[in-house]
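Here is coords.cif, consisting of mmCIF, C-alpha atoms:
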data_query
loop_
_atom_site.label_atom_id
_atom_site.label_comp_id
_atom_site.auth_asym_id
_atom_site.auth_seq_id
_atom_site.Cartn_x
_atom_site.Cartn_y
_atom_site.Cartn_z
CA MET A 540 20.41 -3.70 0.38
CA SER A 541 18.33 -0.59 0.82
CA VAL A 542 15.44 0.18 3.15
CA TYR A 543 13.21 3.25 3.01
CA LEU A 544 9.93 4.43 4.52
CA THR A 545 7.05 5.95 2.55
CA PRO A 546 3.78 7.42 3.87
CA TYR A 547 0.83 5.45 2.47
CA LEU A 548 -2.56 7.18 2.37
CA VAL A 549 -5.68 5.03 2.21
CA MET A 550 -8.68 6.88 0.80
CA ASN A 551 -12.39 6.04 0.86
CA GLY A 552 -13.06 5.87 -2.88
CA ASN A 553 -11.60 9.29 -3.71
CA ALA A 554 -7.92 8.47 -4.27
CA ALA A 555 -8.07 9.60 -7.93
CA GLU A 556 -9.36 12.99 -6.76
CA ALA A 557 -6.66 13.13 -4.06
CA LEU A 558 -3.94 12.37 -6.63
CA LYS A 559 -5.05 15.31 -8.79
CA PHE A 560 -5.29 17.57 -5.74
CA TYR A 561 -1.80 16.73 -4.43
CA GLU A 562 -0.36 16.90 -7.95
CA GLN A 563 -1.45 20.55 -8.06
CA ALA A 564 -1.10 21.52 -4.38
CA LEU A 565 2.35 19.97 -3.88
CA ASP A 566 3.65 20.34 -7.45
CA ALA A 567 3.87 16.53 -7.46
CA GLN A 568 4.44 14.15 -10.33
CA ILE A 569 2.25 11.05 -10.63
CA LEU A 570 4.68 8.16 -11.10
CA PHE A 571 2.19 5.28 -11.14
CA SER A 572 -1.54 4.75 -10.86
CA GLN A 573 -3.52 1.51 -11.24
CA THR A 574 -7.17 0.74 -10.55
CA PHE A 575 -8.49 -2.51 -9.11
CA GLY A 576 -9.96 -3.14 -12.59
CA GLU A 577 -6.47 -3.01 -14.12
CA MET A 578 -5.05 -5.65 -11.75
CA PRO A 579 -4.70 -9.27 -12.87
CA GLU A 580 -8.02 -11.07 -12.43
CA ASN A 581 -8.47 -13.78 -9.80
CA PRO A 582 -11.36 -16.10 -10.74
CA GLU A 583 -11.69 -17.19 -7.09
CA TYR A 584 -12.47 -13.58 -6.10
CA PRO A 585 -14.52 -11.83 -8.80
CA LEU A 586 -14.18 -8.06 -8.71
CA PRO A 587 -17.37 -6.13 -7.89
CA GLU A 588 -18.31 -3.55 -10.52
CA ASP A 589 -18.06 -0.66 -8.03
CA ALA A 590 -14.44 -1.59 -7.25
CA LYS A 591 -13.10 -1.48 -10.81
CA GLY A 592 -12.56 2.29 -10.96
CA ARG A 593 -11.05 2.63 -7.49
CA ILE A 594 -7.28 3.07 -7.14
CA SER A 595 -5.52 -0.12 -6.02
CA HIS A 596 -2.13 1.59 -5.90
CA ALA A 597 -0.60 4.92 -6.90
CA THR A 598 2.67 6.73 -6.23
CA ILE A 599 3.47 10.41 -6.50
CA LYS A 600 6.81 12.17 -6.22
CA VAL A 601 6.94 15.35 -4.13
CA GLY A 602 10.38 16.92 -4.37
CA ASP A 603 12.78 14.12 -3.45
CA SER A 604 10.14 12.10 -1.55
CA GLU A 605 7.30 9.82 -2.54
CA MET A 606 3.81 9.20 -1.18
CA MET A 607 1.66 6.18 -1.99
CA PHE A 608 -2.13 5.96 -2.22
CA SER A 609 -4.92 3.44 -2.54
CA ASP A 610 -8.66 3.31 -2.07
CA THR A 611 -10.39 1.00 0.33
CA PHE A 612 -12.13 -1.92 -1.30
CA PRO A 613 -15.93 -1.37 -1.39
CA GLY A 614 -17.38 -2.53 1.92
CA GLN A 615 -14.00 -2.40 3.69
CA PRO A 616 -14.17 -0.35 6.90
CA TYR A 617 -12.77 3.16 6.72
CA GLN A 618 -12.14 5.36 9.72
CA LEU A 619 -10.70 8.86 9.67
CA GLY A 620 -7.42 8.93 11.55
CA ASN A 621 -6.44 5.42 10.46
CA GLN A 622 -5.94 6.17 6.79
CA ILE A 623 -2.17 6.73 6.94
CA THR A 624 0.19 3.76 7.18
CA VAL A 625 3.95 3.43 6.73
CA CYS A 626 5.27 1.39 3.82
CA ILE A 627 8.67 -0.18 4.50
CA SER A 628 10.36 -1.10 1.23
CA THR A 629 13.46 -3.21 0.82
CA ASP A 630 15.07 -5.26 -1.92
CA ASP A 631 15.85 -8.16 0.40
CA VAL A 632 13.23 -10.86 1.23
CA GLU A 633 15.19 -12.00 4.29
CA LYS A 634 15.29 -8.44 5.69
CA ALA A 635 11.56 -7.97 4.95
CA THR A 636 10.77 -11.23 6.77
CA LYS A 637 12.87 -10.24 9.79
CA MET A 638 11.19 -6.81 10.06
CA PHE A 639 7.70 -8.27 9.56
CA ASP A 640 8.28 -10.94 12.23
CA ALA A 641 9.56 -8.33 14.69
CA LEU A 642 6.67 -5.91 14.05
CA GLN A 643 4.03 -8.57 14.64
CA GLN A 644 5.29 -9.35 18.17
CA GLY A 645 2.46 -8.14 20.41
CA GLY A 646 0.64 -6.78 17.35
CA LYS A 647 -1.80 -8.08 14.75
CA VAL A 648 -1.12 -9.49 11.28
CA ASN A 649 -3.61 -8.01 8.81
CA MET A 650 -2.15 -9.82 5.78
CA PRO A 651 0.56 -12.47 6.19
CA LEU A 652 3.89 -11.83 4.47
CA GLN A 653 3.56 -13.62 1.13
CA GLU A 654 4.41 -13.51 -2.55
CA THR A 655 2.02 -11.39 -4.61
CA PHE A 656 1.84 -10.42 -8.26
CA PHE A 657 3.70 -7.19 -7.40
CA SER A 658 6.18 -8.37 -4.76
CA PRO A 659 8.12 -11.50 -3.76
CA ALA A 660 7.22 -10.73 -0.11
CA TYR A 661 4.44 -8.35 0.93
CA GLY A 662 2.45 -8.17 4.15
CA ASN A 663 0.53 -5.81 6.38
CA VAL A 664 0.86 -5.70 10.16
CA THR A 665 -0.31 -3.43 12.96
CA ASP A 666 2.31 -3.27 15.70
CA LYS A 667 1.70 -3.26 19.45
CA PHE A 668 1.50 0.56 19.39
CA GLY A 669 -1.33 0.58 16.83
CA ILE A 670 0.86 1.69 13.90
CA THR A 671 0.15 -0.14 10.64
CA PHE A 672 3.10 -1.07 8.45
CA GLN A 673 3.07 -2.43 4.92
CA VAL A 674 6.24 -4.46 4.40
CA HIS A 675 7.06 -4.50 0.68
CA THR A 676 9.93 -6.28 -1.06
CA GLU A 677 10.87 -4.86 -4.44
CA GLY A 678 11.41 -6.97 -7.54
CA LYS A 679 11.52 -10.71 -8.02
CA GLN A 680 14.33 -12.66 -6.40
#
Written form, structure tokens:
Amino acid sequence: MSVYLTPYLVMNGNAAEALKFYEQALDAQILFSQTFGEMPENPEYPLPEDAKGRISHATIKVGDSEMMFSDTFPGQPYQLGNQITVCISTDDVEKATKMFDALQQGGKVNMPLQETFFSPAYGNVTDKFGITFQVHTEGKQ
């Protein structure tokens, strides 16, 4: 079982521009980039046209480290100073659940830990200190 932390930058519609900037400024390599329009469709939640070109998730490699990015969804609140979260990644659903449950004590669940198309257990929680964590389990188990 492995666990690692990754800074996650949330942009306000300019993540694609930020990726290009950091690629040059930090001599980074873009490992993955996907727009909301490239995600699997959900007929219950049609995607607004202005969301399709925004980045839903991207990862760059800077030296031996990685940084992740996404854009806010159109209409989602964005506030400078709150755009950096910490992504906790593990390959163990039980460990992810334990960490998520502990972080939510005295905090606020923004997205319950659940299976998604990209993770067997993913959730988003702001702890009692105001730090937002994305708990991400890798692979299907």
Would you kindly return, as a PDB file with C-alpha atoms, in the frame of the given file, each protein, DNA or RNA residue with an atom no farther than 9 Å from any atom of stretch 555-561 of chain A, considering only C-alpha atoms and excluding same-chain residues fewer than 6 positions away?
ATOM      1  CA  ALA A 567       3.870  16.530  -7.460  1.00  0.00           C
ATOM      2  CA  GLN A 568       4.440  14.150 -10.330  1.00  0.00           C
ATOM      3  CA  ILE A 569       2.250  11.050 -10.630  1.00  0.00           C
ATOM      4  CA  SER A 572      -1.540   4.750 -10.860  1.00  0.00           C
ATOM      5  CA  ARG A 593     -11.050   2.630  -7.490  1.00  0.00           C
ATOM      6  CA  ILE A 594      -7.280   3.070  -7.140  1.00  0.00           C
ATOM      7  CA  ALA A 597      -0.600   4.920  -6.900  1.00  0.00           C
ATOM      8  CA  THR A 598       2.670   6.730  -6.230  1.00  0.00           C
ATOM      9  CA  ILE A 599       3.470  10.410  -6.500  1.00  0.00           C
ATOM     10  CA  VAL A 601       6.940  15.350  -4.130  1.00  0.00           C
ATOM     11  CA  PHE A 608      -2.130   5.960  -2.220  1.00  0.00           C
ATOM     12  CA  SER A 609      -4.920   3.440  -2.540  1.00  0.00           C
ATOM     13  CA  ASP A 610      -8.660   3.310  -2.070  1.00  0.00           C
TER      14      ASP A 610
END
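Protein and nucleic acid residues near (12.0, -10.7, 7.0) are Ile627, Ser628, Thr629, Asp630, Asp631, Val632, Glu633, Lys634, Ala635, Thr636, Lys637, Met638, Phe639, Asp640, Ala641, Leu642, Gln643, Pro651, Leu652, Gln653, Pro659, Ala660, Tyr661, Gly662, Val674, His675 and Thr676 of chain A, the criterion being any atom at most 12 Å away using all atoms listed in the file.
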Prev. selection, C-alpha atoms, output as an mmCIF file, keeping the file's coordinate frame:
data_model
loop_
_atom_site.group_PDB
_atom_site.id
_atom_site.type_symbol
_atom_site.label_atom_id
_atom_site.label_comp_id
_atom_site.auth_asym_id
_atom_site.auth_seq_id
_atom_site.Cartn_x
_atom_site.Cartn_y
_atom_site.Cartn_z
ATOM 1 C CA ILE A 627 8.670 -0.180 4.500
ATOM 2 C CA SER A 628 10.360 -1.100 1.230
ATOM 3 C CA THR A 629 13.460 -3.210 0.820
ATOM 4 C CA ASP A 630 15.070 -5.260 -1.920
ATOM 5 C CA ASP A 631 15.850 -8.160 0.400
ATOM 6 C CA VAL A 632 13.230 -10.860 1.230
ATOM 7 C CA GLU A 633 15.190 -12.000 4.290
ATOM 8 C CA LYS A 634 15.290 -8.440 5.690
ATOM 9 C CA ALA A 635 11.560 -7.970 4.950
ATOM 10 C CA THR A 636 10.770 -11.230 6.770
ATOM 11 C CA LYS A 637 12.870 -10.240 9.790
ATOM 12 C CA MET A 638 11.190 -6.810 10.060
ATOM 13 C CA PHE A 639 7.700 -8.270 9.560
ATOM 14 C CA ASP A 640 8.280 -10.940 12.230
ATOM 15 C CA ALA A 641 9.560 -8.330 14.690
ATOM 16 C CA LEU A 642 6.670 -5.910 14.050
ATOM 17 C CA GLN A 643 4.030 -8.570 14.640
ATOM 18 C CA PRO A 651 0.560 -12.470 6.190
ATOM 19 C CA LEU A 652 3.890 -11.830 4.470
ATOM 20 C CA GLN A 653 3.560 -13.620 1.130
ATOM 21 C CA PRO A 659 8.120 -11.500 -3.760
ATOM 22 C CA ALA A 660 7.220 -10.730 -0.110
ATOM 23 C CA TYR A 661 4.440 -8.350 0.930
ATOM 24 C CA GLY A 662 2.450 -8.170 4.150
ATOM 25 C CA VAL A 674 6.240 -4.460 4.400
ATOM 26 C CA HIS A 675 7.060 -4.500 0.680
ATOM 27 C CA THR A 676 9.930 -6.280 -1.060
#
Enumerate, as a compact mmCIF listing (two decimals) with C-alpha atoms, in the coordinates of the input, the protein, DNA and RNA residues whose atoms approach (-10.5, 2.9, -6.2) to within 12 Å, taking into account all atoms listed in the file and the coordinate frame of the file.
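Listed below is the output, selection07.txt:
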# COMPACT_ATOMS: atom_id res chain seq x y z
CA VAL A 549 -5.68 5.03 2.21
CA MET A 550 -8.68 6.88 0.80
CA ASN A 551 -12.39 6.04 0.86
CA GLY A 552 -13.06 5.87 -2.88
CA ASN A 553 -11.60 9.29 -3.71
CA ALA A 554 -7.92 8.47 -4.27
CA ALA A 555 -8.07 9.60 -7.93
CA GLU A 556 -9.36 12.99 -6.76
CA ALA A 557 -6.66 13.13 -4.06
CA LEU A 558 -3.94 12.37 -6.63
CA SER A 572 -1.54 4.75 -10.86
CA GLN A 573 -3.52 1.51 -11.24
CA THR A 574 -7.17 0.74 -10.55
CA PHE A 575 -8.49 -2.51 -9.11
CA GLY A 576 -9.96 -3.14 -12.59
CA GLU A 577 -6.47 -3.01 -14.12
CA MET A 578 -5.05 -5.65 -11.75
CA LEU A 586 -14.18 -8.06 -8.71
CA PRO A 587 -17.37 -6.13 -7.89
CA GLU A 588 -18.31 -3.55 -10.52
CA ASP A 589 -18.06 -0.66 -8.03
CA ALA A 590 -14.44 -1.59 -7.25
CA LYS A 591 -13.10 -1.48 -10.81
CA GLY A 592 -12.56 2.29 -10.96
CA ARG A 593 -11.05 2.63 -7.49
CA ILE A 594 -7.28 3.07 -7.14
CA SER A 595 -5.52 -0.12 -6.02
CA HIS A 596 -2.13 1.59 -5.90
CA ALA A 597 -0.60 4.92 -6.90
CA PHE A 608 -2.13 5.96 -2.22
CA SER A 609 -4.92 3.44 -2.54
CA ASP A 610 -8.66 3.31 -2.07
CA THR A 611 -10.39 1.00 0.33
CA PHE A 612 -12.13 -1.92 -1.30
CA PRO A 613 -15.93 -1.37 -1.39
CA GLY A 614 -17.38 -2.53 1.92
CA GLN A 615 -14.00 -2.40 3.69
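Interatomic distance, atom CA of A:Glu605 against atom CA of A:Asn621: 19.4 Å.
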query = In Å, how far is it from atom CA of A:Met606 to atom CA of A:Leu548?
reply =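 Going from atom CA of A:Met606 over to atom CA of A:Leu548 covers 7.6 Å.
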Just need the box for stretch 645-648 of chain A, edges along x, y and z, holding every atom the file lists for it with 3 Å tacked onto each side, so centre and edge lengths in Å to one decimal, as JSON.
{"center_x": 0.3, "center_y": -8.1, "center_z": 15.8, "size_x": 10.3, "size_y": 8.7, "size_z": 15.1}
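Counting all atoms listed in the file and comparing A:Pro546, A:Glu562, A:Tyr584, A:Met607, the residue that lies closest to A:Ile670 is A:Pro546.
Among the candidate residues A:Phe672, A:Asn663, A:Gly645, A:Gly602, the one lying nearest to A:Ile623 is A:Phe672, with distances computed using all atoms listed in the file.
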query = How far is it from atom CA of A:Leu570 to atom CA of A:Asn649, in Å with one decimal?
reply = 27.0 Å
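Of the listed residues (A:Glu677, A:Glu583, A:Asp566, A:Asp603), A:Glu677 comes nearest to A:Ser658; the distances count only C-alpha atoms.
Remark: for A:Pro579, the closest of the candidate residues A:Ser604, A:Gln618, A:Thr655, A:Gln644 is A:Thr655 (distances computed over all atoms listed in the file).
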inquiry  = Applying the PyMOL selection byres ((chain A and resi 647) around 7) to the file I just gave you, which residues come out? Please list them as a PyMOL selection string.
reply    = chain A and resi 643+646+648-649+664-666
Incomplete stretch 557-590 of chain A brought to N, CA and C atoms, written out as a PDB file, in the coordinates of the input:
ATOM      1  N   ALA A 557      -7.773  12.732  -4.922  1.00  0.00           N
ATOM      2  CA  ALA A 557      -6.660  13.130  -4.060  1.00  0.00           C
ATOM      3  C   ALA A 557      -5.364  13.243  -4.873  1.00  0.00           C
ATOM      4  N   LEU A 558      -5.148  12.315  -5.796  1.00  0.00           N
ATOM      5  CA  LEU A 558      -3.940  12.370  -6.630  1.00  0.00           C
ATOM      6  C   LEU A 558      -3.885  13.680  -7.407  1.00  0.00           C
ATOM      7  N   LYS A 559      -4.999  14.053  -8.016  1.00  0.00           N
ATOM      8  CA  LYS A 559      -5.050  15.310  -8.790  1.00  0.00           C
ATOM      9  C   LYS A 559      -4.830  16.509  -7.877  1.00  0.00           C
ATOM     10  N   PHE A 560      -5.440  16.470  -6.688  1.00  0.00           N
ATOM     11  CA  PHE A 560      -5.290  17.570  -5.740  1.00  0.00           C
ATOM     12  C   PHE A 560      -3.835  17.731  -5.324  1.00  0.00           C
ATOM     13  N   TYR A 561      -3.188  16.648  -4.897  1.00  0.00           N
ATOM     14  CA  TYR A 561      -1.800  16.730  -4.430  1.00  0.00           C
ATOM     15  C   TYR A 561      -0.844  17.025  -5.580  1.00  0.00           C
ATOM     16  N   GLU A 562      -1.183  16.578  -6.783  1.00  0.00           N
ATOM     17  CA  GLU A 562      -0.360  16.900  -7.950  1.00  0.00           C
ATOM     18  C   GLU A 562      -0.265  18.420  -8.101  1.00  0.00           C
ATOM     19  N   GLN A 563      -1.414  19.093  -7.941  1.00  0.00           N
ATOM     20  CA  GLN A 563      -1.450  20.550  -8.060  1.00  0.00           C
ATOM     21  C   GLN A 563      -0.915  21.236  -6.796  1.00  0.00           C
ATOM     22  N   ALA A 564      -1.419  20.837  -5.635  1.00  0.00           N
ATOM     23  CA  ALA A 564      -1.100  21.520  -4.380  1.00  0.00           C
ATOM     24  C   ALA A 564       0.370  21.387  -3.995  1.00  0.00           C
ATOM     25  N   LEU A 565       0.972  20.236  -4.289  1.00  0.00           N
ATOM     26  CA  LEU A 565       2.350  19.970  -3.880  1.00  0.00           C
ATOM     27  C   LEU A 565       3.332  19.973  -5.045  1.00  0.00           C
ATOM     28  N   ASP A 566       2.836  20.367  -6.238  1.00  0.00           N
ATOM     29  CA  ASP A 566       3.650  20.340  -7.450  1.00  0.00           C
ATOM     30  C   ASP A 566       4.259  18.942  -7.622  1.00  0.00           C
ATOM     31  N   ALA A 567       3.423  17.934  -7.430  1.00  0.00           N
ATOM     32  CA  ALA A 567       3.870  16.530  -7.460  1.00  0.00           C
ATOM     33  C   ALA A 567       3.775  15.961  -8.873  1.00  0.00           C
ATOM     34  N   GLN A 568       4.480  14.887  -9.065  1.00  0.00           N
ATOM     35  CA  GLN A 568       4.440  14.150 -10.330  1.00  0.00           C
ATOM     36  C   GLN A 568       3.854  12.768 -10.040  1.00  0.00           C
ATOM     37  N   ILE A 569       2.826  12.375 -10.791  1.00  0.00           N
ATOM     38  CA  ILE A 569       2.250  11.050 -10.630  1.00  0.00           C
ATOM     39  C   ILE A 569       3.165  10.053 -11.332  1.00  0.00           C
ATOM     40  N   LEU A 570       3.751   9.148 -10.548  1.00  0.00           N
ATOM     41  CA  LEU A 570       4.680   8.160 -11.100  1.00  0.00           C
ATOM     42  C   LEU A 570       3.972   6.891 -11.547  1.00  0.00           C
ATOM     43  N   PHE A 571       2.894   6.525 -10.850  1.00  0.00           N
ATOM     44  CA  PHE A 571       2.190   5.280 -11.140  1.00  0.00           C
ATOM     45  C   PHE A 571       0.778   5.374 -10.594  1.00  0.00           C
ATOM     46  N   SER A 572      -0.165   4.837 -11.342  1.00  0.00           N
ATOM     47  CA  SER A 572      -1.540   4.750 -10.860  1.00  0.00           C
ATOM     48  C   SER A 572      -2.221   3.564 -11.534  1.00  0.00           C
ATOM     49  N   GLN A 573      -2.850   2.713 -10.726  1.00  0.00           N
ATOM     50  CA  GLN A 573      -3.520   1.510 -11.240  1.00  0.00           C
ATOM     51  C   GLN A 573      -4.826   1.315 -10.470  1.00  0.00           C
ATOM     52  N   THR A 574      -5.889   1.017 -11.193  1.00  0.00           N
ATOM     53  CA  THR A 574      -7.170   0.740 -10.550  1.00  0.00           C
ATOM     54  C   THR A 574      -7.285  -0.755 -10.237  1.00  0.00           C
ATOM     55  N   PHE A 575      -8.234  -1.091  -9.380  1.00  0.00           N
ATOM     56  CA  PHE A 575      -8.490  -2.510  -9.110  1.00  0.00           C
ATOM     57  C   PHE A 575      -8.862  -3.229 -10.408  1.00  0.00           C
ATOM     58  N   GLY A 576      -9.566  -2.539 -11.311  1.00  0.00           N
ATOM     59  CA  GLY A 576      -9.960  -3.140 -12.590  1.00  0.00           C
ATOM     60  C   GLY A 576      -8.794  -3.440 -13.505  1.00  0.00           C
ATOM     61  N   GLU A 577      -7.655  -2.788 -13.288  1.00  0.00           N
ATOM     62  CA  GLU A 577      -6.470  -3.010 -14.120  1.00  0.00           C
ATOM     63  C   GLU A 577      -5.549  -4.094 -13.554  1.00  0.00           C
ATOM     64  N   MET A 578      -5.863  -4.588 -12.365  1.00  0.00           N
ATOM     65  CA  MET A 578      -5.050  -5.650 -11.750  1.00  0.00           C
ATOM     66  C   MET A 578      -5.344  -6.982 -12.442  1.00  0.00           C
ATOM     67  N   PRO A 579      -4.419  -7.940 -12.334  1.00  0.00           N
ATOM     68  CA  PRO A 579      -4.700  -9.270 -12.870  1.00  0.00           C
ATOM     69  C   PRO A 579      -5.939  -9.868 -12.184  1.00  0.00           C
ATOM     70  N   GLU A 580      -6.788 -10.490 -12.971  1.00  0.00           N
ATOM     71  CA  GLU A 580      -8.020 -11.070 -12.430  1.00  0.00           C
ATOM     72  C   GLU A 580      -7.732 -12.338 -11.634  1.00  0.00           C
ATOM     73  N   ASN A 581      -8.525 -12.549 -10.587  1.00  0.00           N
ATOM     74  CA  ASN A 581      -8.470 -13.780  -9.800  1.00  0.00           C
ATOM     75  C   ASN A 581      -9.855 -14.391  -9.850  1.00  0.00           C
ATOM     76  N   PRO A 582     -10.026 -15.504 -10.588  1.00  0.00           N
ATOM     77  CA  PRO A 582     -11.360 -16.100 -10.740  1.00  0.00           C
ATOM     78  C   PRO A 582     -11.987 -16.540  -9.415  1.00  0.00           C
ATOM     79  N   GLU A 583     -11.148 -16.780  -8.398  1.00  0.00           N
ATOM     80  CA  GLU A 583     -11.690 -17.190  -7.090  1.00  0.00           C
ATOM     81  C   GLU A 583     -12.335 -16.013  -6.367  1.00  0.00           C
ATOM     82  N   TYR A 584     -11.942 -14.788  -6.737  1.00  0.00           N
ATOM     83  CA  TYR A 584     -12.470 -13.580  -6.100  1.00  0.00           C
ATOM     84  C   TYR A 584     -12.890 -12.587  -7.174  1.00  0.00           C
ATOM     85  N   PRO A 585     -14.087 -12.766  -7.746  1.00  0.00           N
ATOM     86  CA  PRO A 585     -14.520 -11.830  -8.800  1.00  0.00           C
ATOM     87  C   PRO A 585     -14.605 -10.397  -8.255  1.00  0.00           C
ATOM     88  N   LEU A 586     -14.227  -9.462  -9.085  1.00  0.00           N
ATOM     89  CA  LEU A 586     -14.180  -8.060  -8.710  1.00  0.00           C
ATOM     90  C   LEU A 586     -15.555  -7.419  -8.859  1.00  0.00           C
ATOM     91  N   PRO A 587     -16.087  -6.827  -7.770  1.00  0.00           N
ATOM     92  CA  PRO A 587     -17.370  -6.130  -7.890  1.00  0.00           C
ATOM     93  C   PRO A 587     -17.248  -4.940  -8.840  1.00  0.00           C
ATOM     94  N   GLU A 588     -18.310  -4.636  -9.544  1.00  0.00           N
ATOM     95  CA  GLU A 588     -18.310  -3.550 -10.520  1.00  0.00           C
ATOM     96  C   GLU A 588     -17.898  -2.216  -9.888  1.00  0.00           C
ATOM     97  N   ASP A 589     -18.361  -1.948  -8.664  1.00  0.00           N
ATOM     98  CA  ASP A 589     -18.060  -0.660  -8.030  1.00  0.00           C
ATOM     99  C   ASP A 589     -16.618  -0.552  -7.539  1.00  0.00           C
ATOM    100  N   ALA A 590     -15.845  -1.628  -7.651  1.00  0.00           N
ATOM    101  CA  ALA A 590     -14.440  -1.590  -7.250  1.00  0.00           C
ATOM    102  C   ALA A 590     -13.519  -1.278  -8.425  1.00  0.00           C
TER     103      ALA A 590
END
